[in-house]
file run_31.cif (mmCIF, C-alpha atoms)
data_target
loop_
_atom_site.label_atom_id
_atom_site.label_comp_id
_atom_site.auth_asym_id
_atom_site.auth_seq_id
_atom_site.Cartn_x
_atom_site.Cartn_y
_atom_site.Cartn_z
CA MET L 26 -58.94 92.61 -42.96
CA LYS L 27 -58.79 96.30 -42.17
CA TYR L 28 -58.17 98.79 -44.99
CA VAL L 29 -56.87 102.34 -44.81
CA LYS L 30 -56.36 105.19 -47.24
CA LEU L 31 -52.86 105.12 -48.69
CA GLY L 32 -51.30 108.47 -47.83
CA LYS L 33 -52.69 111.27 -50.00
CA THR L 34 -53.95 108.87 -52.68
CA ASP L 35 -57.48 107.60 -53.30
CA MET L 36 -56.36 103.98 -52.89
CA ASN L 37 -57.39 101.81 -49.95
CA VAL L 38 -54.85 99.21 -48.87
CA SER L 39 -54.79 96.39 -46.35
CA VAL L 40 -52.97 97.35 -43.15
CA LEU L 41 -50.98 94.13 -43.47
CA SER L 42 -49.11 94.12 -46.75
CA LEU L 43 -47.02 91.50 -48.51
CA GLY L 44 -43.33 92.22 -48.93
CA CYS L 45 -41.92 90.18 -51.83
CA TRP L 46 -38.15 90.58 -51.53
CA ALA L 47 -37.70 86.96 -50.45
CA PHE L 48 -39.35 85.79 -53.68
CA ALA L 49 -36.09 86.71 -55.42
CA GLY L 50 -34.30 83.83 -53.71
CA ASP L 51 -31.12 85.90 -53.47
CA TYR L 52 -28.17 85.60 -51.09
CA PHE L 53 -29.78 87.66 -48.38
CA TRP L 54 -32.79 85.34 -47.99
CA GLY L 55 -31.58 82.08 -49.48
CA GLU L 56 -33.19 79.88 -52.10
CA GLN L 57 -36.92 80.29 -52.69
CA ASP L 58 -39.25 77.92 -54.51
CA ASP L 59 -41.41 79.84 -56.99
CA LYS L 60 -44.27 77.45 -56.16
CA ASP L 61 -44.15 78.61 -52.52
CA SER L 62 -44.18 82.22 -53.69
CA LYS L 63 -47.26 81.67 -55.85
CA GLU L 64 -49.12 79.84 -53.09
CA THR L 65 -48.25 82.65 -50.68
CA VAL L 66 -49.56 85.34 -53.04
CA ASP L 67 -52.74 83.37 -53.72
CA ALA L 68 -53.36 82.86 -50.01
CA ALA L 69 -52.65 86.53 -49.24
CA ILE L 70 -55.22 87.68 -51.79
CA ASP L 71 -57.74 85.19 -50.42
CA LEU L 72 -57.18 86.66 -46.93
CA GLY L 73 -57.89 90.16 -48.23
CA ILE L 74 -54.29 91.38 -48.41
CA ASN L 75 -54.28 93.67 -51.45
CA PHE L 76 -51.03 95.63 -51.02
CA LEU L 77 -47.96 93.93 -52.56
CA ASP L 78 -44.47 95.42 -52.45
CA THR L 79 -41.34 94.63 -54.45
CA ALA L 80 -38.36 96.42 -56.07
CA ALA L 81 -36.26 96.17 -59.19
CA ALA L 82 -33.20 95.57 -57.02
CA TYR L 83 -34.59 92.41 -55.40
CA GLY L 84 -32.72 89.65 -57.19
CA MET L 85 -31.98 92.04 -60.08
CA GLY L 86 -35.62 91.89 -61.17
CA LYS L 87 -36.34 88.29 -60.16
CA SER L 88 -38.87 89.29 -57.47
CA GLU L 89 -40.76 91.43 -59.99
CA GLU L 90 -40.76 88.58 -62.51
CA VAL L 91 -42.04 86.05 -59.99
CA LEU L 92 -44.73 88.47 -58.87
CA GLY L 93 -45.80 89.01 -62.47
CA GLU L 94 -46.34 85.27 -62.87
CA CYS L 95 -48.19 85.06 -59.56
CA LEU L 96 -50.60 87.84 -60.54
CA LYS L 97 -51.73 86.46 -63.88
CA GLY L 98 -55.49 86.96 -63.95
CA LYS L 99 -55.39 88.71 -60.56
CA ARG L 100 -53.76 92.05 -61.30
CA ASP L 101 -56.97 93.96 -60.66
CA LYS L 102 -57.21 92.55 -57.13
CA VAL L 103 -54.05 94.22 -55.81
CA ILE L 104 -52.30 97.54 -55.22
CA LEU L 105 -48.85 96.91 -56.67
CA ALA L 106 -45.73 98.80 -55.56
CA THR L 107 -42.17 98.67 -56.84
CA LYS L 108 -39.03 100.80 -56.58
CA GLN L 109 -35.98 102.06 -58.46
CA ALA L 110 -32.70 103.46 -57.16
CA GLY L 111 -29.14 104.41 -58.10
CA PRO L 112 -28.42 105.42 -61.71
CA ASN L 113 -31.96 104.44 -62.69
CA LEU L 114 -33.09 107.70 -61.10
CA GLU L 115 -31.30 109.68 -63.78
CA PRO L 116 -33.91 111.25 -66.09
CA ALA L 117 -32.58 109.45 -69.16
CA LYS L 118 -32.81 106.05 -67.46
CA LEU L 119 -35.92 106.46 -65.33
CA ILE L 120 -38.50 105.82 -68.05
CA GLU L 121 -36.52 102.87 -69.40
CA SER L 122 -36.17 101.31 -65.94
CA VAL L 123 -39.87 101.68 -65.18
CA ASP L 124 -40.73 100.12 -68.54
CA LYS L 125 -38.51 97.17 -67.56
CA SER L 126 -40.39 96.78 -64.27
CA LEU L 127 -43.70 96.88 -66.13
CA SER L 128 -42.47 94.15 -68.43
CA ASN L 129 -41.19 92.05 -65.52
CA MET L 130 -44.53 92.26 -63.73
CA LYS L 131 -46.62 91.81 -66.90
CA THR L 132 -48.66 94.94 -66.26
CA ASP L 133 -49.13 98.30 -67.96
CA TYR L 134 -49.26 100.37 -64.77
CA ILE L 135 -47.73 100.54 -61.30
CA ASP L 136 -50.00 101.67 -58.49
CA LEU L 137 -47.21 103.03 -56.30
CA PHE L 138 -43.70 103.82 -57.52
CA TYR L 139 -40.95 104.54 -54.98
CA ILE L 140 -37.56 106.16 -55.11
CA HIS L 141 -35.93 103.25 -53.30
CA TRP L 142 -32.93 105.16 -51.92
CA PRO L 143 -31.88 108.78 -52.37
CA ASN L 144 -29.25 109.28 -55.07
CA MET L 145 -27.34 112.39 -54.07
CA LYS L 146 -25.58 112.47 -57.45
CA VAL L 147 -28.87 113.13 -59.25
CA PRO L 148 -30.81 116.34 -58.49
CA PHE L 149 -34.11 115.49 -56.84
CA GLY L 150 -35.87 117.89 -59.15
CA ASP L 151 -34.70 115.96 -62.21
CA THR L 152 -35.96 112.67 -60.83
CA MET L 153 -39.28 114.18 -59.82
CA GLU L 154 -39.80 115.65 -63.28
CA GLY L 155 -39.40 112.12 -64.65
CA ILE L 156 -41.90 110.82 -62.10
CA ALA L 157 -44.36 113.54 -63.09
CA ARG L 158 -44.06 112.40 -66.70
CA LEU L 159 -44.65 108.78 -65.70
CA LYS L 160 -47.81 109.81 -63.88
CA LYS L 161 -48.99 111.85 -66.86
CA ASP L 162 -48.39 108.87 -69.16
CA GLY L 163 -50.40 106.59 -66.87
CA LYS L 164 -47.50 104.28 -66.10
CA ILE L 165 -47.68 105.02 -62.38
CA ARG L 166 -50.65 106.10 -60.28
CA ALA L 167 -48.82 107.46 -57.24
CA ALA L 168 -45.27 108.22 -56.13
CA GLY L 169 -43.46 107.56 -52.89
CA ILE L 170 -40.04 107.74 -51.33
CA SER L 171 -38.19 105.15 -49.28
CA ASN L 172 -35.27 105.51 -46.87
CA PHE L 173 -35.09 109.30 -47.03
CA GLY L 174 -33.70 110.97 -43.94
CA LEU L 175 -35.02 114.18 -42.41
CA GLN L 176 -32.48 116.42 -44.16
CA GLN L 177 -33.14 114.73 -47.48
CA MET L 178 -36.88 115.29 -47.05
CA ASP L 179 -36.15 118.97 -46.42
CA MET L 180 -34.03 119.08 -49.58
CA LEU L 181 -36.83 117.50 -51.57
CA GLU L 182 -39.30 119.98 -50.12
CA LYS L 183 -37.13 122.88 -51.25
CA THR L 184 -37.41 121.69 -54.85
CA GLY L 185 -41.17 122.13 -54.55
CA MET L 186 -41.59 118.50 -55.55
CA LEU L 187 -42.59 117.02 -52.19
CA ASP L 188 -46.22 117.62 -53.16
CA LEU L 189 -45.83 114.82 -55.73
CA ILE L 190 -44.95 112.37 -52.94
CA GLU L 191 -47.74 110.52 -51.18
CA VAL L 192 -46.04 107.76 -49.18
CA HIS L 193 -42.79 107.15 -47.29
CA GLN L 194 -41.51 103.62 -46.66
CA LEU L 195 -39.05 103.22 -43.79
CA PRO L 196 -37.68 100.57 -41.44
CA TYR L 197 -39.63 100.68 -38.20
CA ASN L 198 -40.02 98.17 -35.41
CA LEU L 199 -39.63 97.95 -31.64
CA PHE L 200 -35.83 97.73 -32.01
CA TRP L 201 -35.40 100.09 -34.97
CA ARG L 202 -36.95 103.37 -33.87
CA ALA L 203 -34.69 105.78 -35.77
CA ILE L 204 -37.66 107.53 -37.38
CA GLU L 205 -38.76 108.74 -33.95
CA PHE L 206 -36.03 111.39 -34.03
CA GLY L 207 -38.20 113.81 -36.03
CA LEU L 208 -38.74 111.89 -39.26
CA GLN L 209 -42.01 110.30 -38.16
CA ASP L 210 -43.44 113.70 -37.22
CA LYS L 211 -42.31 115.16 -40.55
CA CYS L 212 -44.18 112.45 -42.46
CA ILE L 213 -47.32 113.11 -40.44
CA GLU L 214 -46.98 116.86 -40.97
CA LYS L 215 -46.78 116.38 -44.74
CA GLY L 216 -49.64 113.87 -44.86
CA LEU L 217 -47.43 111.03 -46.07
CA GLY L 218 -48.60 107.49 -45.44
CA LEU L 219 -45.97 105.66 -43.38
CA ILE L 220 -45.23 102.14 -44.62
CA CYS L 221 -43.07 100.10 -42.25
CA TYR L 222 -40.63 97.46 -43.41
CA SER L 223 -38.53 95.07 -41.31
CA SER L 224 -41.48 94.96 -38.93
CA LEU L 225 -39.93 92.10 -36.92
CA ALA L 226 -36.34 93.34 -37.21
CA GLN L 227 -35.45 90.66 -39.76
CA GLY L 228 -36.41 87.89 -37.38
CA LEU L 229 -35.00 89.24 -34.14
CA LEU L 230 -38.49 90.00 -32.81
CA SER L 231 -39.84 86.64 -33.96
CA GLY L 232 -38.24 85.10 -30.88
CA ARG L 233 -36.28 82.49 -32.84
CA TYR L 234 -32.84 83.76 -31.77
CA ASN L 235 -31.43 83.70 -28.23
CA SER L 236 -28.05 85.19 -29.07
CA ALA L 237 -26.12 86.66 -31.98
CA ALA L 238 -24.53 83.25 -32.50
CA ASP L 239 -27.97 81.87 -33.44
CA VAL L 240 -28.45 84.37 -36.26
CA PRO L 241 -27.43 83.16 -39.76
CA ASP L 242 -24.31 84.90 -41.02
CA HIS L 243 -26.05 86.26 -44.12
CA LEU L 244 -28.43 88.21 -41.86
CA LYS L 245 -25.71 89.67 -39.66
CA VAL L 246 -24.98 92.55 -42.02
CA THR L 247 -27.16 95.24 -40.43
CA ARG L 248 -26.22 97.69 -37.72
CA PHE L 249 -27.74 95.43 -35.07
CA TYR L 250 -24.59 93.32 -35.20
CA LYS L 251 -20.90 93.85 -34.55
CA ASP L 252 -18.72 94.33 -37.60
CA PRO L 253 -15.23 93.55 -36.24
CA GLU L 254 -13.66 93.03 -39.65
CA GLU L 255 -15.41 96.13 -41.06
CA LYS L 256 -16.83 94.21 -44.00
CA ASN L 257 -20.34 95.63 -43.76
CA HIS L 258 -21.57 98.74 -41.93
CA LYS L 259 -18.24 99.36 -40.14
CA GLY L 260 -20.03 100.18 -36.88
CA PRO L 261 -20.07 98.81 -33.31
CA GLY L 262 -23.49 97.18 -33.52
CA CYS L 263 -25.72 96.76 -30.47
CA GLU L 264 -25.85 93.03 -29.83
CA GLU L 265 -25.66 93.35 -26.04
CA GLU L 266 -28.56 95.80 -25.90
CA VAL L 267 -30.65 93.80 -28.37
CA PHE L 268 -30.40 90.43 -26.64
CA GLU L 269 -30.82 91.88 -23.17
CA ALA L 270 -34.01 93.54 -24.38
CA LEU L 271 -35.16 90.31 -26.07
CA ALA L 272 -34.79 88.42 -22.80
CA GLU L 273 -36.91 91.03 -20.99
CA LEU L 274 -39.53 91.02 -23.72
CA ARG L 275 -39.85 87.24 -23.56
CA VAL L 276 -40.57 87.41 -19.84
CA LEU L 277 -43.07 90.22 -20.33
CA CYS L 278 -44.91 88.37 -23.10
CA ASP L 279 -44.82 85.00 -21.35
CA ASP L 280 -46.33 86.53 -18.21
CA ALA L 281 -49.11 88.04 -20.34
CA ASN L 282 -49.59 84.81 -22.33
CA VAL L 283 -49.03 86.58 -25.64
CA LEU L 284 -46.65 85.56 -28.42
CA LEU L 285 -43.62 87.84 -28.79
CA PRO L 286 -43.95 88.51 -32.56
CA ASN L 287 -47.68 89.14 -32.21
CA ALA L 288 -47.07 91.64 -29.43
CA CYS L 289 -44.36 93.39 -31.48
CA LEU L 290 -46.64 93.80 -34.50
CA ALA L 291 -49.45 94.99 -32.24
CA TRP L 292 -47.02 97.53 -30.77
CA LEU L 293 -46.15 98.77 -34.26
CA PHE L 294 -49.79 99.16 -35.27
CA LYS L 295 -50.21 101.46 -32.26
CA GLN L 296 -47.53 103.91 -33.35
CA LYS L 297 -48.58 107.27 -34.73
CA GLY L 298 -48.72 107.78 -38.46
CA VAL L 299 -48.39 104.09 -39.35
CA THR L 300 -50.49 103.23 -42.43
CA ALA L 301 -49.43 99.68 -43.24
CA ILE L 302 -46.91 97.10 -42.15
CA LEU L 303 -44.90 94.99 -44.55
CA SER L 304 -44.46 91.31 -43.73
CA GLY L 305 -42.27 89.04 -45.79
CA PRO L 306 -43.53 85.45 -45.50
CA ARG L 307 -41.94 82.90 -47.80
CA LYS L 308 -44.60 80.23 -47.33
CA VAL L 309 -48.30 80.05 -46.57
CA THR L 310 -47.61 78.83 -43.03
CA GLU L 311 -45.56 81.95 -42.30
CA LEU L 312 -48.23 84.14 -43.88
CA MET L 313 -50.89 82.63 -41.62
CA GLU L 314 -48.74 83.32 -38.55
CA ASN L 315 -48.49 86.99 -39.54
CA TYR L 316 -52.19 87.18 -40.35
CA LYS L 317 -53.22 85.68 -37.02
CA SER L 318 -51.01 88.18 -35.22
CA MET L 319 -53.49 90.87 -36.23
CA GLU L 320 -55.94 89.37 -33.77
CA THR L 321 -53.59 90.23 -30.91
CA GLU L 322 -54.45 93.31 -28.91
CA ILE L 323 -52.26 94.88 -26.25
CA SER L 324 -53.10 97.65 -23.82
CA ASP L 325 -51.46 101.04 -23.91
CA GLU L 326 -49.82 100.15 -20.59
CA PHE L 327 -48.37 96.95 -22.03
CA ALA L 328 -47.13 98.80 -25.13
CA ALA L 329 -45.46 101.37 -22.88
CA LYS L 330 -43.59 98.59 -21.07
CA MET L 331 -42.37 97.25 -24.41
CA THR L 332 -41.25 100.73 -25.42
CA ALA L 333 -39.33 101.16 -22.16
CA ILE L 334 -37.53 97.83 -22.63
CA SER L 335 -36.29 98.87 -26.07
CA GLU L 336 -35.02 102.32 -25.08
CA LYS L 337 -31.37 101.26 -24.83
CA VAL L 338 -31.52 99.77 -28.32
CA LYS L 339 -33.13 102.94 -29.66
CA ALA L 340 -30.39 105.07 -28.10
CA LYS L 341 -27.63 102.89 -29.57
CA ILE L 342 -29.16 102.86 -33.07
CA GLY L 343 -29.74 106.64 -33.00
CA SER L 344 -31.37 108.70 -35.73
CA ASN L 345 -29.68 107.05 -38.73
CA THR L 346 -32.44 105.13 -40.52
CA ASP L 347 -30.00 103.23 -42.78
CA MET L 348 -29.97 99.67 -41.42
CA TRP L 349 -26.89 98.72 -43.45
CA MET L 350 -24.53 101.71 -43.30
CA HIS L 351 -22.95 103.47 -40.33
CA GLY L 352 -21.72 107.03 -39.78
CA ASP L 353 -20.84 109.11 -42.81
CA ARG L 354 -21.41 106.07 -45.05
CA ALA L 355 -25.13 106.17 -44.33
CA ARG L 356 -27.30 106.74 -47.39
CA SER L 357 -30.06 108.34 -45.30
CA PHE L 358 -29.46 111.57 -43.41
#
call {"tool": "encode", "arguments": {"input": "run_31.cif", "output": "structure tokens"}}
result
Amino acid sequence: MKYVKLGKTDMNVSVLSLGCWAFAGDYFWGEQDDKDSKETVDAAIDLGINFLDTAAAYGMGKSEEVLGECLKGKRDKVILATKQAGPNLEPAKLIESVDKSLSNMKTDYIDLFYIHWPNMKVPFGDTMEGIARLKKDGKIRAAGISNFGLQQMDMLEKTGMLDLIEVHQLPYNLFWRAIEFGLQDKCIEKGLGLICYSSLAQGLLSGRYNSAADVPDHLKVTRFYKDPEEKNHKGPGCEEEVFEALAELRVLCDDANVLLPNACLAWLFKQKGVTAILSGPRKVTELMENYKSMETEISDEFAAKMTAISEKVKAKIGSNTDMWMHGDRARSF
């Protein structure tokens, strides 16, 4: 396992990290056996994966609780990250919400604490003052942001509080390249470690789907898909571009005798500023597939061909990094 320095911190994390949202067993991912979750965490640690990521919002705390059980006797082996959002970013609620996360995870400190989504109703300065207090009290070691757009980063910088931020977590994959419209460069400029989630576009880049009809309905809520009844993101989606690109990628990978998901993760590791990639296996078998993908190497020329194939998808998605909200409803800007 390869390890890298986490942003501006003194912590070294595995480049492949374990995303634990699915452990919540909520509607978005479907039922999850806690036994599978524990076996997956145990196997990840045995493989050298030391960076584990969750959030208070995942299953309304269920993911944190499951993770706390999984880490009994192993807390010192991992770098643990969690997040808070919404009204919990209000100064009066921030300390209380972090204490709840600590209780859920059966630990007395959080290695990396994220603002999960910007809350434009709460001044950034107020939230950051609360984070500074949490650091002073030893409840968190480092602070990060997640899903902040370029303008929101500029707003945070104007408060003088961006210096407290060490990491930025964003969706990034071959089909979701919204951060390439300036946000990626901003993170690099400020020395922020870039943590990538949805590294396989929620299964699209795994190769398991041949058309939108193959995708489970509960996953068709992001801006990849059409929203004709305007129940979700209320945007046009980009199904045609996505599945045309998938067909081309399959041919490219088949000709090179490389698995599509492995090539897509290898592509992501090549992108500038990337510190670590989140994967979200629900079982040990899935974890091993992700782990083995790290052995895949692709040439710069091959990566460039993959990039070219995904250009139409990139253009359709645009610079909005919010996977779930379109237009002026986007939470990132």
call {"tool": "resolve_selection", "arguments": {"input": "run_31.cif", "expression": "the PyMOL selection byres ((chain L and resi 345-356) around 10)", "output": "PyMOL selection string"}}
result
chain L and resi 142-145+172-175+177+195-197+201-206+208+223+226+245-249+257-262+342-344+357-358
call {"tool": "atom_distance", "arguments": {"input": "run_31.cif", "atom1": "atom CA of Met130 of chain L", "atom2": "atom CA of Ile74 of chain L"}}
result
18.2 Å
call {"tool": "resolve_selection", "arguments": {"input": "run_31.cif", "expression": "the PyMOL selection byres ((chain L and resi 243) around 9)", "output": "ChimeraX atom specification"}}
result
/L:52-55,240-242,244-246
call {"tool": "resolve_selection", "arguments": {"input": "run_31.cif", "expression": "the PyMOL selection byres ((chain L and resi 155-158) around 8)", "output": "list of chain:residue names"}}
result
L:Pro116, L:Leu119, L:Ile120, L:Asp151, L:Thr152, L:Met153, L:Glu154, L:Leu159, L:Lys160, L:Lys161, L:Asp162, L:Ala168, L:Leu189
call {"tool": "atom_distance", "arguments": {"input": "run_31.cif", "atom1": "atom CA of Leu199 of chain L", "atom2": "atom CA of Ser335 of chain L"}}
result
6.6 Å
call {"tool": "axis_aligned_box", "arguments": {"input": "run_31.cif", "around": "segment 285-293 of chain L", "padding_each_side": "8 Å", "output": "AutoDock Vina command-line options"}}
result
--center_x -46.5 --center_y 93.3 --center_z -31.6 --size_x 21.8 --size_y 26.9 --size_z 21.7
call {"tool": "closest_atom_pairs", "arguments": {"input": "run_31.cif", "of": "segment 237-288 of chain L", "to": "segment 322-329 of chain L", "cutoff": "9 Å", "atoms": "only C-alpha atoms", "output": "Markdown table"}}
result
| residue | atom | partner | partner_atom | distance |
| --- | --- | --- | --- | --- |
| L:Leu277 | CA | L:Phe327 | CA | 8.7 |
| L:Val283 | CA | L:Ile323 | CA | 8.9 |
| L:Asn287 | CA | L:Glu322 | CA | 8.6 |
| L:Ala288 | CA | L:Ile323 | CA | 6.9 |
call {"tool": "write_last_selection", "arguments": {"input": "run_31.cif", "atoms": "C-alpha atoms", "output": "PDB file, keeping the file's coordinate frame"}}
result
ATOM      1  CA  LEU L 277     -43.070  90.220 -20.330  1.00  0.00           C
ATOM      2  CA  VAL L 283     -49.030  86.580 -25.640  1.00  0.00           C
ATOM      3  CA  ASN L 287     -47.680  89.140 -32.210  1.00  0.00           C
ATOM      4  CA  ALA L 288     -47.070  91.640 -29.430  1.00  0.00           C
TER       5      ALA L 288
END
call {"tool": "decode", "arguments": {"input": "run_31.cif", "residues": "segment 232-252 of chain L", "atoms": "N, CA and C atoms", "output": "PDB file, in the first residue's frame"}}
result
ATOM      1  N   GLY L 232     -18.653  -0.902 -15.211  1.00  0.00           N
ATOM      2  CA  GLY L 232     -18.958  -1.699 -16.401  1.00  0.00           C
ATOM      3  C   GLY L 232     -20.172  -2.582 -16.253  1.00  0.00           C
ATOM      4  N   ARG L 233     -20.897  -2.462 -15.130  1.00  0.00           N
ATOM      5  CA  ARG L 233     -22.019  -3.383 -14.899  1.00  0.00           C
ATOM      6  C   ARG L 233     -23.300  -2.945 -15.605  1.00  0.00           C
ATOM      7  N   TYR L 234     -23.344  -1.702 -16.111  1.00  0.00           N
ATOM      8  CA  TYR L 234     -24.557  -1.205 -16.746  1.00  0.00           C
ATOM      9  C   TYR L 234     -24.306  -0.908 -18.232  1.00  0.00           C
ATOM     10  N   ASN L 235     -25.229  -1.375 -19.073  1.00  0.00           N
ATOM     11  CA  ASN L 235     -25.124  -1.121 -20.514  1.00  0.00           C
ATOM     12  C   ASN L 235     -26.034   0.005 -20.978  1.00  0.00           C
ATOM     13  N   SER L 236     -27.013   0.334 -20.164  1.00  0.00           N
ATOM     14  CA  SER L 236     -27.936   1.415 -20.495  1.00  0.00           C
ATOM     15  C   SER L 236     -28.539   1.946 -19.208  1.00  0.00           C
ATOM     16  N   ALA L 237     -29.220   3.074 -19.306  1.00  0.00           N
ATOM     17  CA  ALA L 237     -29.854   3.656 -18.120  1.00  0.00           C
ATOM     18  C   ALA L 237     -30.907   2.723 -17.544  1.00  0.00           C
ATOM     19  N   ALA L 238     -31.504   1.905 -18.401  1.00  0.00           N
ATOM     20  CA  ALA L 238     -32.533   0.974 -17.933  1.00  0.00           C
ATOM     21  C   ALA L 238     -31.957  -0.074 -16.993  1.00  0.00           C
ATOM     22  N   ASP L 239     -30.653  -0.328 -17.080  1.00  0.00           N
ATOM     23  CA  ASP L 239     -30.012  -1.324 -16.215  1.00  0.00           C
ATOM     24  C   ASP L 239     -29.724  -0.792 -14.813  1.00  0.00           C
ATOM     25  N   VAL L 240     -29.738   0.519 -14.658  1.00  0.00           N
ATOM     26  CA  VAL L 240     -29.365   1.137 -13.390  1.00  0.00           C
ATOM     27  C   VAL L 240     -30.546   1.085 -12.413  1.00  0.00           C
ATOM     28  N   PRO L 241     -30.335   0.634 -11.179  1.00  0.00           N
ATOM     29  CA  PRO L 241     -31.435   0.622 -10.201  1.00  0.00           C
ATOM     30  C   PRO L 241     -32.020   2.016 -10.003  1.00  0.00           C
ATOM     31  N   ASP L 242     -33.327   2.065  -9.828  1.00  0.00           N
ATOM     32  CA  ASP L 242     -34.015   3.351  -9.716  1.00  0.00           C
ATOM     33  C   ASP L 242     -33.468   4.209  -8.581  1.00  0.00           C
ATOM     34  N   HIS L 243     -33.082   3.568  -7.467  1.00  0.00           N
ATOM     35  CA  HIS L 243     -32.628   4.359  -6.324  1.00  0.00           C
ATOM     36  C   HIS L 243     -31.284   5.034  -6.583  1.00  0.00           C
ATOM     37  N   LEU L 244     -30.571   4.602  -7.642  1.00  0.00           N
ATOM     38  CA  LEU L 244     -29.323   5.264  -7.996  1.00  0.00           C
ATOM     39  C   LEU L 244     -29.514   6.344  -9.056  1.00  0.00           C
ATOM     40  N   LYS L 245     -30.661   6.343  -9.690  1.00  0.00           N
ATOM     41  CA  LYS L 245     -30.892   7.300 -10.784  1.00  0.00           C
ATOM     42  C   LYS L 245     -31.422   8.636 -10.269  1.00  0.00           C
ATOM     43  N   VAL L 246     -30.720   9.184  -9.280  1.00  0.00           N
ATOM     44  CA  VAL L 246     -31.130  10.459  -8.695  1.00  0.00           C
ATOM     45  C   VAL L 246     -30.090  11.546  -8.920  1.00  0.00           C
ATOM     46  N   THR L 247     -28.968  11.193  -9.538  1.00  0.00           N
ATOM     47  CA  THR L 247     -27.920  12.185  -9.782  1.00  0.00           C
ATOM     48  C   THR L 247     -28.106  12.817 -11.151  1.00  0.00           C
ATOM     49  N   ARG L 248     -27.287  13.806 -11.436  1.00  0.00           N
ATOM     50  CA  ARG L 248     -27.407  14.560 -12.673  1.00  0.00           C
ATOM     51  C   ARG L 248     -26.925  13.786 -13.901  1.00  0.00           C
ATOM     52  N   PHE L 249     -26.486  12.565 -13.718  1.00  0.00           N
ATOM     53  CA  PHE L 249     -26.183  11.719 -14.867  1.00  0.00           C
ATOM     54  C   PHE L 249     -27.462  11.346 -15.616  1.00  0.00           C
ATOM     55  N   TYR L 250     -28.576  11.290 -14.886  1.00  0.00           N
ATOM     56  CA  TYR L 250     -29.791  10.714 -15.436  1.00  0.00           C
ATOM     57  C   TYR L 250     -30.868  11.768 -15.701  1.00  0.00           C
ATOM     58  N   LYS L 251     -31.765  11.427 -16.618  1.00  0.00           N
ATOM     59  CA  LYS L 251     -32.889  12.310 -16.919  1.00  0.00           C
ATOM     60  C   LYS L 251     -33.802  12.397 -15.704  1.00  0.00           C
ATOM     61  N   ASP L 252     -34.454  13.526 -15.559  1.00  0.00           N
ATOM     62  CA  ASP L 252     -35.388  13.719 -14.459  1.00  0.00           C
ATOM     63  C   ASP L 252     -36.695  14.266 -15.030  1.00  0.00           C
TER      64      ASP L 252
END
